[in-house]
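Peer 1: CSV, C-alpha atoms and all ligand atoms, saved as work-v9.csv, coming up:
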chain,number,residue,atom,x,y,z
A,81,MET,CA,40.7,106.2,141.0
A,82,ILE,CA,39.2,102.8,141.1
A,83,ARG,CA,41.1,99.5,141.0
A,84,ASP,CA,40.0,95.9,140.9
A,85,GLU,CA,40.1,93.6,143.9
A,86,PRO,CA,43.4,91.7,144.6
A,87,HIS,CA,43.2,88.0,143.6
A,88,ARG,CA,44.2,86.1,146.7
A,89,SER,CA,43.2,82.6,145.7
A,90,GLY,CA,43.9,82.6,142.0
A,91,SER,CA,40.2,82.8,141.2
A,92,THR,CA,38.9,84.7,138.2
A,93,PRO,CA,39.0,88.5,138.6
A,94,ALA,CA,35.8,89.8,140.0
A,95,PHE,CA,34.5,92.4,137.6
A,96,GLY,CA,32.2,94.9,139.0
A,97,ASN,CA,33.5,94.5,142.6
A,98,PRO,CA,36.1,97.3,142.8
A,99,THR,CA,37.7,98.7,145.9
A,100,LEU,CA,39.1,102.1,146.6
A,101,GLU,CA,42.7,103.1,145.9
A,102,SER,CA,43.6,103.1,149.6
A,103,SER,CA,43.7,99.3,149.6
A,104,SER,CA,47.3,98.3,150.5
A,105,GLU,CA,47.1,94.7,149.4
A,106,HIS,CA,47.8,95.0,145.7
A,107,ILE,CA,49.8,92.1,144.5
A,108,MET,CA,49.5,91.9,140.7
A,109,HIS,CA,46.9,93.1,138.4
A,110,PRO,CA,46.6,93.5,134.7
A,111,PRO,CA,47.2,96.9,133.2
A,112,GLU,CA,44.4,99.2,134.1
A,113,ASN,CA,43.0,100.0,130.6
A,114,THR,CA,42.7,96.3,129.8
A,115,THR,CA,40.6,95.7,132.8
A,116,GLN,CA,38.5,98.8,132.3
A,117,GLU,CA,38.1,98.0,128.6
A,118,LYS,CA,36.9,94.5,129.6
A,119,VAL,CA,34.4,95.9,132.1
A,120,VAL,CA,33.1,98.4,129.5
A,121,ARG,CA,32.9,95.6,126.9
A,122,VAL,CA,30.9,93.3,129.2
A,123,LEU,CA,28.7,96.2,130.3
A,124,ASN,CA,28.1,97.1,126.6
A,125,GLU,CA,27.2,93.6,125.8
A,126,ASP,CA,24.7,93.5,128.7
A,127,ILE,CA,23.2,96.8,127.6
A,128,GLU,CA,22.9,95.6,124.0
A,129,SER,CA,21.2,92.4,125.1
A,130,LEU,CA,18.8,94.4,127.4
A,131,LYS,CA,18.0,96.7,124.5
A,132,SER,CA,17.2,93.9,122.2
A,133,THR,CA,15.0,92.2,124.9
A,134,LEU,CA,13.2,95.6,125.3
A,135,ARG,CA,12.7,95.9,121.6
A,136,GLU,CA,11.2,92.5,121.4
A,137,LYS,CA,8.9,93.3,124.4
A,138,ASP,CA,7.9,96.6,122.7
A,139,GLU,CA,7.0,94.8,119.5
A,140,LEU,CA,4.9,92.3,121.4
A,141,LEU,CA,3.2,95.1,123.3
A,142,ASN,CA,2.4,96.9,120.0
A,143,THR,CA,1.0,93.8,118.5
A,144,ALA,CA,-1.1,93.2,121.6
A,145,GLN,CA,-2.4,96.8,121.5
A,146,LEU,CA,-3.4,96.5,117.8
A,147,GLN,CA,-5.2,93.3,118.5
A,148,LEU,CA,-6.9,94.8,121.4
A,149,ALA,CA,-8.0,97.8,119.4
A,150,GLN,CA,-9.4,95.5,116.8
A,151,ALA,CA,-11.2,93.4,119.4
A,152,SER,CA,-12.7,96.5,121.0
A,153,LYS,CA,-13.9,97.7,117.6
A,154,LEU,CA,-15.4,94.3,116.8
A,155,THR,CA,-17.4,94.4,120.1
A,156,THR,CA,-18.7,97.8,119.2
A,157,LEU,CA,-19.6,96.7,115.8
A,158,GLY,CA,-21.2,93.5,117.3
A,159,THR,CA,-23.5,95.5,119.4
A,160,LEU,CA,-24.2,97.7,116.4
A,161,GLY,CA,-25.1,94.7,114.2
A,162,ALA,CA,-28.7,94.4,115.3
A,163,GLY,CA,-29.1,98.2,115.0
A,164,VAL,CA,-27.7,98.2,111.5
A,165,ALA,CA,-30.1,95.6,110.2
A,166,HIS,CA,-33.0,97.6,111.8
A,167,GLU,CA,-31.7,100.9,110.4
A,168,LEU,CA,-31.3,99.6,106.9
A,169,ASN,CA,-34.8,98.0,107.0
A,170,ASN,CA,-36.6,101.3,107.4
A,171,PRO,CA,-35.3,103.0,104.2
A,172,LEU,CA,-35.6,99.7,102.4
A,173,THR,CA,-39.3,99.5,103.3
A,174,ILE,CA,-39.8,103.0,102.0
A,175,ILE,CA,-37.9,102.3,98.7
A,176,SER,CA,-39.9,99.2,97.9
A,177,GLY,CA,-43.2,100.8,98.9
A,178,GLU,CA,-42.7,103.9,96.8
A,179,ALA,CA,-41.4,101.9,93.9
A,180,GLU,CA,-44.6,99.9,94.0
A,181,GLU,CA,-46.5,103.1,93.8
A,182,ILE,CA,-44.6,104.4,90.8
A,183,LEU,CA,-45.1,101.0,89.0
A,184,TYR,CA,-48.8,101.2,89.7
A,185,THR,CA,-48.9,104.7,88.2
A,186,ILE,CA,-47.2,103.6,85.1
A,187,GLU,CA,-49.4,100.5,84.7
A,188,THR,CA,-52.7,102.2,85.3
A,189,GLY,CA,-51.9,105.8,84.5
A,190,SER,CA,-54.0,106.6,87.5
A,191,ARG,CA,-51.7,108.9,89.5
A,192,GLU,CA,-50.7,112.5,89.1
A,193,ASP,CA,-47.2,113.5,88.2
A,194,ALA,CA,-46.8,115.4,91.4
A,195,MET,CA,-47.4,112.2,93.4
A,196,THR,CA,-44.9,110.3,91.4
A,197,THR,CA,-42.3,113.1,92.0
A,198,ILE,CA,-42.9,112.8,95.7
A,199,SER,CA,-42.4,109.1,95.6
A,200,ALA,CA,-39.2,109.5,93.7
A,201,GLN,CA,-38.0,112.1,96.3
A,202,ARG,CA,-38.8,109.7,99.1
A,203,ILE,CA,-36.8,107.0,97.4
A,204,ARG,CA,-33.9,109.3,97.0
A,205,GLN,CA,-34.0,110.3,100.7
A,206,ALA,CA,-34.2,106.7,101.8
A,207,ALA,CA,-31.2,105.8,99.5
A,208,ASP,CA,-29.2,108.7,100.9
A,209,ARG,CA,-29.9,107.5,104.4
A,210,MET,CA,-28.7,104.0,103.5
A,211,ARG,CA,-25.6,105.4,102.0
A,212,LEU,CA,-24.9,107.3,105.2
A,213,ILE,CA,-25.2,104.1,107.2
A,214,VAL,CA,-23.1,102.1,104.9
A,215,ASP,CA,-20.4,104.8,104.8
A,216,HIS,CA,-20.4,104.9,108.6
A,217,ILE,CA,-19.9,101.2,108.9
A,218,ARG,CA,-17.2,101.3,106.2
A,219,ARG,CA,-15.3,103.9,108.2
A,220,CYS,CA,-15.8,101.9,111.4
A,221,ILE,CA,-14.3,98.7,110.1
A,222,ARG,CA,-11.3,100.3,108.4
A,223,LYS,CA,-8.1,99.3,110.0
A,224,ASP,CA,-6.8,102.0,112.4
A,225,GLU,CA,-3.5,102.2,110.7
A,226,ASP,CA,-5.2,102.8,107.3
A,227,THR,CA,-6.9,106.0,108.6
A,228,PRO,CA,-4.8,109.1,108.6
A,229,TRP,CA,-5.0,111.7,111.4
A,230,GLU,CA,-6.8,114.8,110.2
A,231,ARG,CA,-8.6,117.9,111.4
A,232,VAL,CA,-11.7,116.6,113.0
A,233,ASP,CA,-15.0,118.5,113.3
A,234,ILE,CA,-16.3,117.3,116.7
A,235,THR,CA,-19.9,118.4,116.0
A,236,GLN,CA,-19.9,116.3,112.8
A,237,LEU,CA,-18.3,113.5,114.7
A,238,VAL,CA,-21.0,113.5,117.4
A,239,ARG,CA,-23.8,113.5,114.7
A,240,ASP,CA,-22.1,110.6,112.9
A,241,SER,CA,-21.8,108.5,116.0
A,242,LEU,CA,-25.6,108.8,116.4
A,243,ILE,CA,-26.3,107.5,112.9
A,244,ILE,CA,-26.9,104.0,114.2
A,245,LEU,CA,-27.2,104.4,117.9
A,246,ASP,CA,-29.9,107.1,117.7
A,247,SER,CA,-32.7,104.7,117.0
A,248,GLN,CA,-31.3,102.1,119.4
A,249,LEU,CA,-31.6,104.6,122.2
A,250,LYS,CA,-35.0,105.9,121.1
A,251,ASN,CA,-36.3,102.3,120.8
A,252,ARG,CA,-35.5,101.8,124.4
A,253,GLY,CA,-37.4,105.0,125.4
A,254,ILE,CA,-34.2,107.0,126.0
A,255,ALA,CA,-34.5,110.6,124.8
A,256,ILE,CA,-31.3,112.2,123.4
A,257,THR,CA,-30.5,115.8,123.8
A,258,LEU,CA,-27.7,117.5,121.8
A,259,ASP,CA,-26.2,120.8,122.9
A,260,LEU,CA,-23.4,121.2,120.4
A,261,GLY,CA,-21.3,124.3,120.4
A,262,ASP,CA,-21.5,126.5,117.3
A,263,GLN,CA,-18.6,126.4,114.8
A,264,LEU,CA,-16.2,124.7,117.2
A,265,PRO,CA,-12.5,124.8,116.2
A,266,ALA,CA,-11.2,121.4,114.9
A,267,VAL,CA,-9.1,119.0,116.9
A,268,TRP,CA,-6.2,117.1,115.3
A,269,GLY,CA,-7.2,113.5,115.6
A,270,HIS,CA,-8.0,110.1,114.3
A,271,PRO,CA,-11.6,110.2,113.3
A,272,VAL,CA,-12.3,106.5,113.7
A,273,LYS,CA,-10.8,106.3,117.2
A,274,LEU,CA,-12.7,109.4,118.3
A,275,ASP,CA,-15.9,108.0,116.8
A,276,SER,CA,-15.4,104.8,118.7
A,277,VAL,CA,-14.9,106.7,122.0
A,278,ILE,CA,-18.3,108.5,121.6
A,279,GLN,CA,-20.0,105.2,120.5
A,280,ASN,CA,-18.6,103.4,123.5
A,281,LEU,CA,-19.8,106.1,125.9
A,282,LEU,CA,-23.3,106.0,124.3
A,283,THR,CA,-23.4,102.3,124.3
A,284,ASN,CA,-22.5,102.2,128.0
A,285,ALA,CA,-25.1,104.8,128.8
A,286,ARG,CA,-27.7,102.7,126.9
A,287,ASP,CA,-26.7,99.6,128.9
A,288,ALA,CA,-26.8,101.5,132.2
A,289,PHE,CA,-30.6,101.9,131.7
A,290,GLU,CA,-31.1,98.1,131.5
A,291,THR,CA,-31.3,97.7,135.2
A,292,ILE,CA,-33.7,100.7,135.8
A,293,THR,CA,-37.1,99.5,136.9
A,294,ASP,CA,-38.6,102.8,138.1
A,295,GLN,CA,-40.6,105.1,135.9
A,296,ARG,CA,-38.0,107.8,135.5
A,297,GLU,CA,-37.7,109.7,132.2
A,298,LYS,CA,-34.7,108.2,130.6
A,299,LYS,CA,-32.3,110.8,129.2
A,300,VAL,CA,-28.9,110.9,127.5
A,301,SER,CA,-27.3,114.2,126.6
A,302,ILE,CA,-24.2,115.1,124.7
A,303,MET,CA,-22.7,118.6,125.1
A,304,THR,CA,-19.7,120.1,123.3
A,305,SER,CA,-18.0,123.4,123.9
A,306,CYS,CA,-14.8,125.2,123.5
A,307,ARG,CA,-12.9,126.3,126.7
A,308,ALA,CA,-10.5,129.2,126.8
A,309,GLY,CA,-9.9,128.8,123.0
A,310,LYS,CA,-7.6,125.9,123.7
A,311,THR,CA,-9.7,122.9,124.6
A,312,ILE,CA,-12.8,121.1,123.2
A,313,VAL,CA,-14.9,119.6,125.9
A,314,ILE,CA,-17.3,116.8,125.2
A,315,SER,CA,-19.6,115.5,127.9
A,316,VAL,CA,-21.9,112.5,127.7
A,317,ARG,CA,-24.5,112.4,130.5
A,318,ASP,CA,-27.1,109.9,131.5
A,319,ASN,CA,-29.5,109.6,134.3
A,320,ALA,CA,-29.3,105.8,134.5
A,321,ALA,CA,-28.0,103.4,137.2
A,322,GLY,CA,-24.8,105.3,138.1
A,323,MET,CA,-21.9,103.5,139.8
A,324,THR,CA,-20.6,102.8,143.3
A,325,ASP,CA,-17.3,104.3,144.2
A,326,GLU,CA,-15.7,100.8,144.0
A,327,VAL,CA,-16.9,100.3,140.4
A,328,LYS,CA,-16.0,103.9,139.4
A,329,ALA,CA,-12.4,103.3,140.6
A,330,ARG,CA,-11.9,100.4,138.3
A,331,ILE,CA,-13.8,101.2,135.1
A,332,PHE,CA,-10.8,102.2,133.0
A,333,GLU,CA,-9.1,98.8,133.9
A,334,LEU,CA,-8.7,96.4,131.0
A,335,PHE,CA,-11.3,93.6,131.1
A,336,PHE,CA,-13.2,95.2,134.0
A,337,THR,CA,-16.9,94.8,133.5
A,338,THR,CA,-20.0,94.5,135.7
A,339,LYS,CA,-22.0,93.1,132.8
A,340,LYS,CA,-22.8,89.4,132.3
A,341,LEU,CA,-20.7,87.3,130.0
A,342,GLY,CA,-21.7,88.0,126.4
A,343,ASP,CA,-22.9,91.5,127.2
A,344,GLY,CA,-19.6,93.1,128.2
A,345,MET,CA,-15.9,92.5,127.8
A,346,GLY,CA,-14.5,95.3,129.7
A,347,LEU,CA,-12.6,96.7,126.7
A,348,GLY,CA,-14.6,99.8,125.9
A,349,LEU,CA,-13.4,102.3,128.5
A,350,ALA,CA,-9.8,101.0,128.6
A,351,MET,CA,-9.7,101.7,124.9
A,352,CYS,CA,-11.4,105.1,125.2
A,353,SER,CA,-8.8,106.1,127.8
A,354,GLY,CA,-5.9,104.9,125.5
A,355,TYR,CA,-7.3,106.7,122.5
A,356,ILE,CA,-7.9,110.0,124.4
A,357,LYS,CA,-4.3,109.8,125.7
A,358,GLU,CA,-3.0,109.4,122.2
A,359,HIS,CA,-4.8,112.7,121.4
A,360,ARG,CA,-3.1,114.3,124.4
A,361,GLY,CA,-6.5,114.7,126.1
A,362,SER,CA,-8.2,113.6,129.2
A,363,ILE,CA,-11.3,111.6,130.2
A,364,GLU,CA,-13.0,111.9,133.6
A,365,VAL,CA,-16.0,110.4,135.1
A,366,GLN,CA,-18.5,111.6,137.7
A,367,SER,CA,-21.1,109.2,138.9
A,368,LYS,CA,-23.6,108.7,141.6
A,369,LYS,CA,-25.3,105.3,142.3
A,370,ASP,CA,-28.9,105.3,141.1
A,371,GLU,CA,-28.7,108.9,139.8
A,372,GLY,CA,-26.5,108.8,136.7
A,373,THR,CA,-23.1,109.4,135.2
A,374,VAL,CA,-21.3,112.0,133.2
A,375,PHE,CA,-18.1,111.4,131.2
A,376,THR,CA,-16.1,114.5,130.3
A,377,ILE,CA,-13.5,114.4,127.6
A,378,LYS,CA,-11.1,117.3,127.0
A,379,LEU,CA,-9.2,117.5,123.7
A,380,PRO,CA,-6.6,120.1,122.7
A,381,ILE,CA,-7.6,122.2,119.8
A,382,GLU,CA,-5.5,121.9,116.7
A,383,LYS,CA,-2.8,124.6,116.7
A,384,ARG,CA,-3.5,125.9,113.3
A,385,THR,CA,-7.2,126.5,114.2
A,386,ARG,CA,-6.4,127.8,117.7
A,387,ALA,CA,-5.9,131.3,116.4
A,388,ASN,CA,-9.5,131.3,115.1
A,389,ALA,CA,-11.0,129.9,118.3
A,390,SER,CA,-13.5,132.3,119.7
A,391,GLY,CA,-13.0,131.4,123.4
A,392,ASP,CA,-15.6,130.1,125.7
A,393,ASN,CA,-18.9,129.0,124.3
B,401,LIG,N1,-22.7,105.3,131.9
B,401,LIG,C1,-22.4,104.3,132.7
B,401,LIG,N2,-23.3,104.1,133.8
B,401,LIG,C2,-23.0,103.1,134.7
B,401,LIG,N3,-21.9,102.3,134.7
B,401,LIG,C3,-21.1,102.5,133.6
B,401,LIG,C4,-21.3,103.5,132.6
B,401,LIG,N4,-20.2,103.4,131.7
B,401,LIG,C5,-19.4,102.4,132.2
B,401,LIG,N5,-19.9,101.8,133.3
B,401,LIG,C6,-19.3,100.7,134.1
B,401,LIG,O1,-18.0,100.5,133.6
B,401,LIG,C7,-17.8,99.2,133.2
B,401,LIG,C8,-16.7,99.0,132.1
B,401,LIG,O2,-17.2,99.6,130.9
B,401,LIG,P1,-16.5,99.2,129.6
B,401,LIG,O3,-15.0,99.3,129.7
B,401,LIG,O4,-17.2,99.9,128.5
B,401,LIG,O5,-16.8,97.6,129.4
B,401,LIG,P2,-18.2,96.9,129.2
B,401,LIG,O6,-19.2,97.9,128.6
B,401,LIG,O7,-17.8,95.8,128.3
B,401,LIG,O8,-18.6,96.4,130.5
B,401,LIG,C9,-19.2,98.7,132.8
B,401,LIG,O9,-19.3,97.3,133.0
B,401,LIG,C10,-20.0,99.4,133.9
B,401,LIG,O10,-20.0,98.8,135.1
B,402,MG,MG,-18.7,99.3,127.1
As structure tokens - that is how I would like this structure written.
Peer 2:
Amino acid sequence: MIRDEPHRSGSTPAFGNPTLESSSEHIMHPPENTTQEKVVRVLNEDIESLKSTLREKDELLNTAQLQLAQASKLTTLGTLGAGVAHELNNPLTIISGEAEEILYTIETGSREDAMTTISAQRIRQAADRMRLIVDHIRRCIRKDEDTPWERVDITQLVRDSLIILDSQLKNRGIAITLDLGDQLPAVWGHPVKLDSVIQNLLTNARDAFETITDQREKKVSIMTSCRAGKTIVISVRDNAAGMTDEVKARIFELFFTTKKLGDGMGLGLAMCSGYIKEHRGSIEVQSKKDEGTVFTIKLPIEKRTRANASGDN
């Protein structure tokens, strides 16, 4: 049994400083339950106040995380901005050129119907391409909380993430190779977050070629496969600048960047790592200075589709 300390100098009882029963100096003390009740009440009050402080901190953290996600998305979109204008310009040029041809045909009656049909088909293709780009951007700027989690087809996700980046890479002389597993089972995920992970990795690979001055063939490859019927593996590989061990150790830190101000904010990989954790997956990096880098993402296959997974690809 635990009793409270004797009060020798008439000072206030010292809660939380109990001595053992063997103490022989008991003089007077309040009935035991009253003291214990007081201790419990004070402790409860302390716990409640700690809980509410924790709740407040938790809310602050959530708000900060949401703001961070939005900031990261905006930087991705910012870097995409120039690419988008360029991408929309190509089909626009086709549409106006072919429309001119059709008008000329009507005005002069000089062209065969077959040619007009081809012009109309080109216009339709160009318009489809523009719709693809606009839809992609619309998906990217949707608020994360407005997008539901769903079964995500990783092959489609990888193709979508290239809608705009594809020509950005090609314009810089970087060849892209896709080796996408056939009929991969779906993962349960947030399509916008997963899309921004792939885009971040590709943007980083693109940037890593900026410092390359030798004549190497610039290559980025994306591979997807299914491992043991349980995991989807996505790897993004480049043969660009690579990283030193010191840099590699810090890349997932928030605000860590080796890029100059305006080019990098150090948000991309921190967000990627957060998003992949939310999907109960993992992200790893292997890199060698001057040789290249490979990021490997592993995501669990959605349970409902696991039964249909064909095993290793
Ligand atoms: N593929 C890559 N090759 C070489 N370095 C990379 C690669 N990907 C990321 N890094 C390094 O990781 C750092 C952090 O990347 P990230 O979090 O996306 O922020 P940012 O791109 O804004 O710098 C980069 O500044 C770069 O030093
Ligand atoms: Mg980045």
Peer 1: Using 12 Å as the limit and counting all atoms listed in the file, can you tabulate each residue of stretch 163-250 of chain A that touches stretch 354-376 of chain A, with its shortest atom-to-atom distance in Å and the two atoms involved, as CSV?
Peer 2:
residue,atom,partner,partner_atom,distance
A:Asp224,CA,A:Tyr355,CA,11.2
A:Trp229,CA,A:His359,CA,10.1
A:Glu230,CA,A:His359,CA,11.6
A:Arg231,CA,A:His359,CA,11.9
A:Val232,CA,A:His359,CA,11.5
Peer 1: With all atoms listed in the file counted, collect every polymer residue having an atom within 9 Å of ligand LIG 401 (chain B); state the result as number ranges by chain.
Peer 2: A: 152, 155, 280-289, 316-324, 327-328, 330-340, 342-352, 365, 367-370, 372-375
Peer 1: Just the selected residues (C-alpha atoms), exported as a compact mmCIF listing (two decimals), keeping the file's coordinate frame, please.
Peer 2:
# COMPACT_ATOMS: atom_id res chain seq x y z
CA SER A 152 -12.70 96.50 121.00
CA THR A 155 -17.40 94.40 120.10
CA ASN A 280 -18.60 103.40 123.50
CA LEU A 281 -19.80 106.10 125.90
CA LEU A 282 -23.30 106.00 124.30
CA THR A 283 -23.40 102.30 124.30
CA ASN A 284 -22.50 102.20 128.00
CA ALA A 285 -25.10 104.80 128.80
CA ARG A 286 -27.70 102.70 126.90
CA ASP A 287 -26.70 99.60 128.90
CA ALA A 288 -26.80 101.50 132.20
CA PHE A 289 -30.60 101.90 131.70
CA VAL A 316 -21.90 112.50 127.70
CA ARG A 317 -24.50 112.40 130.50
CA ASP A 318 -27.10 109.90 131.50
CA ASN A 319 -29.50 109.60 134.30
CA ALA A 320 -29.30 105.80 134.50
CA ALA A 321 -28.00 103.40 137.20
CA GLY A 322 -24.80 105.30 138.10
CA MET A 323 -21.90 103.50 139.80
CA THR A 324 -20.60 102.80 143.30
CA VAL A 327 -16.90 100.30 140.40
CA LYS A 328 -16.00 103.90 139.40
CA ARG A 330 -11.90 100.40 138.30
CA ILE A 331 -13.80 101.20 135.10
CA PHE A 332 -10.80 102.20 133.00
CA GLU A 333 -9.10 98.80 133.90
CA LEU A 334 -8.70 96.40 131.00
CA PHE A 335 -11.30 93.60 131.10
CA PHE A 336 -13.20 95.20 134.00
CA THR A 337 -16.90 94.80 133.50
CA THR A 338 -20.00 94.50 135.70
CA LYS A 339 -22.00 93.10 132.80
CA LYS A 340 -22.80 89.40 132.30
CA GLY A 342 -21.70 88.00 126.40
CA ASP A 343 -22.90 91.50 127.20
CA GLY A 344 -19.60 93.10 128.20
CA MET A 345 -15.90 92.50 127.80
CA GLY A 346 -14.50 95.30 129.70
CA LEU A 347 -12.60 96.70 126.70
CA GLY A 348 -14.60 99.80 125.90
CA LEU A 349 -13.40 102.30 128.50
CA ALA A 350 -9.80 101.00 128.60
CA MET A 351 -9.70 101.70 124.90
CA CYS A 352 -11.40 105.10 125.20
CA VAL A 365 -16.00 110.40 135.10
CA SER A 367 -21.10 109.20 138.90
CA LYS A 368 -23.60 108.70 141.60
CA LYS A 369 -25.30 105.30 142.30
CA ASP A 370 -28.90 105.30 141.10
CA GLY A 372 -26.50 108.80 136.70
CA THR A 373 -23.10 109.40 135.20
CA VAL A 374 -21.30 112.00 133.20
CA PHE A 375 -18.10 111.40 131.20
Peer 1: Which value, in Å to one decimal, gives the distance between atom CA of A:Gly253 and atom CA of A:Ile302?
Peer 2: 16.6 Å
Peer 1: In terms of the shortest atom-to-atom distance over all atoms listed in the file, which of A:Thr293, A:Ala144, A:Glu192, A:His270 is closest to A:Pro228?
Peer 2: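 Distance minimum relative to A:Pro228 lands on A:His270.
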Peer 1: Let me make sure I understand: among A:Val277, A:Leu146, A:Ile312, A:Ile377, which one has the smallest atom-to-atom distance to ligand MG 402 (chain B) if we use all atoms listed in the file?
Peer 2: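 Looking only at the distances to ligand MG 402 (chain B), the closest residue turns out to be A:Val277.
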Peer 1: In Å, how far is it from atom CA of A:Gln147 to atom MG of ligand MG 402 (chain B)?
Peer 2: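 Going from atom CA of A:Gln147 over to atom MG of ligand MG 402 (chain B), I get 17.1 Å.
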Peer 1: Smallest atom-to-atom distance to ligand MG 402 (chain B): which of A:Ile244, A:Ile182, A:Ile278, A:Met303, using all atoms listed in the file?
Peer 2: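 Counting all atoms listed in the file, the residue closest to ligand MG 402 (chain B) is A:Ile278.
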Peer 1: Mind giving me the straight-line distance from atom CA of A:Gly309 to atom CA of A:Ile256 in Å, one decimal?
Peer 2: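 Value for the atom CA of A:Gly309-atom CA of A:Ile256 distance: 27.1 Å.
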Peer 1: Return the single residue from A:Ser276, A:Ile381, A:Asp325, A:Asp193 that is closest to ligand MG 402 (chain B), with distances computed using all atoms listed in the file.
Peer 2: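 Selected residue with least distance to ligand MG 402 (chain B): A:Ser276.
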Peer 1: Neighbouring residues of A:Gln279 were defined as those with any atom within 9 Å, considering all atoms listed in the file; residues of the same chain fewer than 5 positions away were excluded. Please report them as a short mmCIF file (atom, residue, chain, number, x, y, z; two decimals) with C-alpha atoms, in the frame of the given file.
Peer 2:
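As written to disk, selection31.cif reads:
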data_model
loop_
_atom_site.label_atom_id
_atom_site.label_comp_id
_atom_site.auth_asym_id
_atom_site.auth_seq_id
_atom_site.Cartn_x
_atom_site.Cartn_y
_atom_site.Cartn_z
CA THR A 156 -18.70 97.80 119.20
CA VAL A 238 -21.00 113.50 117.40
CA SER A 241 -21.80 108.50 116.00
CA LEU A 242 -25.60 108.80 116.40
CA LEU A 245 -27.20 104.40 117.90
CA LEU A 274 -12.70 109.40 118.30
CA ASN A 284 -22.50 102.20 128.00
#
Peer 1: Between A:Ala151, A:Ile213, A:Val272, A:Val300, which one has atoms that come closest to A:Thr227, using all atoms listed in the file?
Peer 2: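 Comparing A:Ala151, A:Ile213, A:Val272, A:Val300 against A:Thr227, the winner is A:Val272.
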Peer 1: Between A:Val164, A:Arg202, A:Glu128, A:Gln248, which is the closest to A:His216 once you count only C-alpha atoms?
Peer 2: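 So, comparing all the options, the nearest one is A:Val164.
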Peer 1: Just the residues within 12 Å of A:Ala194, please, counting all atoms listed in the file, with nothing from its chain fewer than 5 positions along; format it as a ChimeraX atom specification.
Peer 2: /A:182,185,199-201
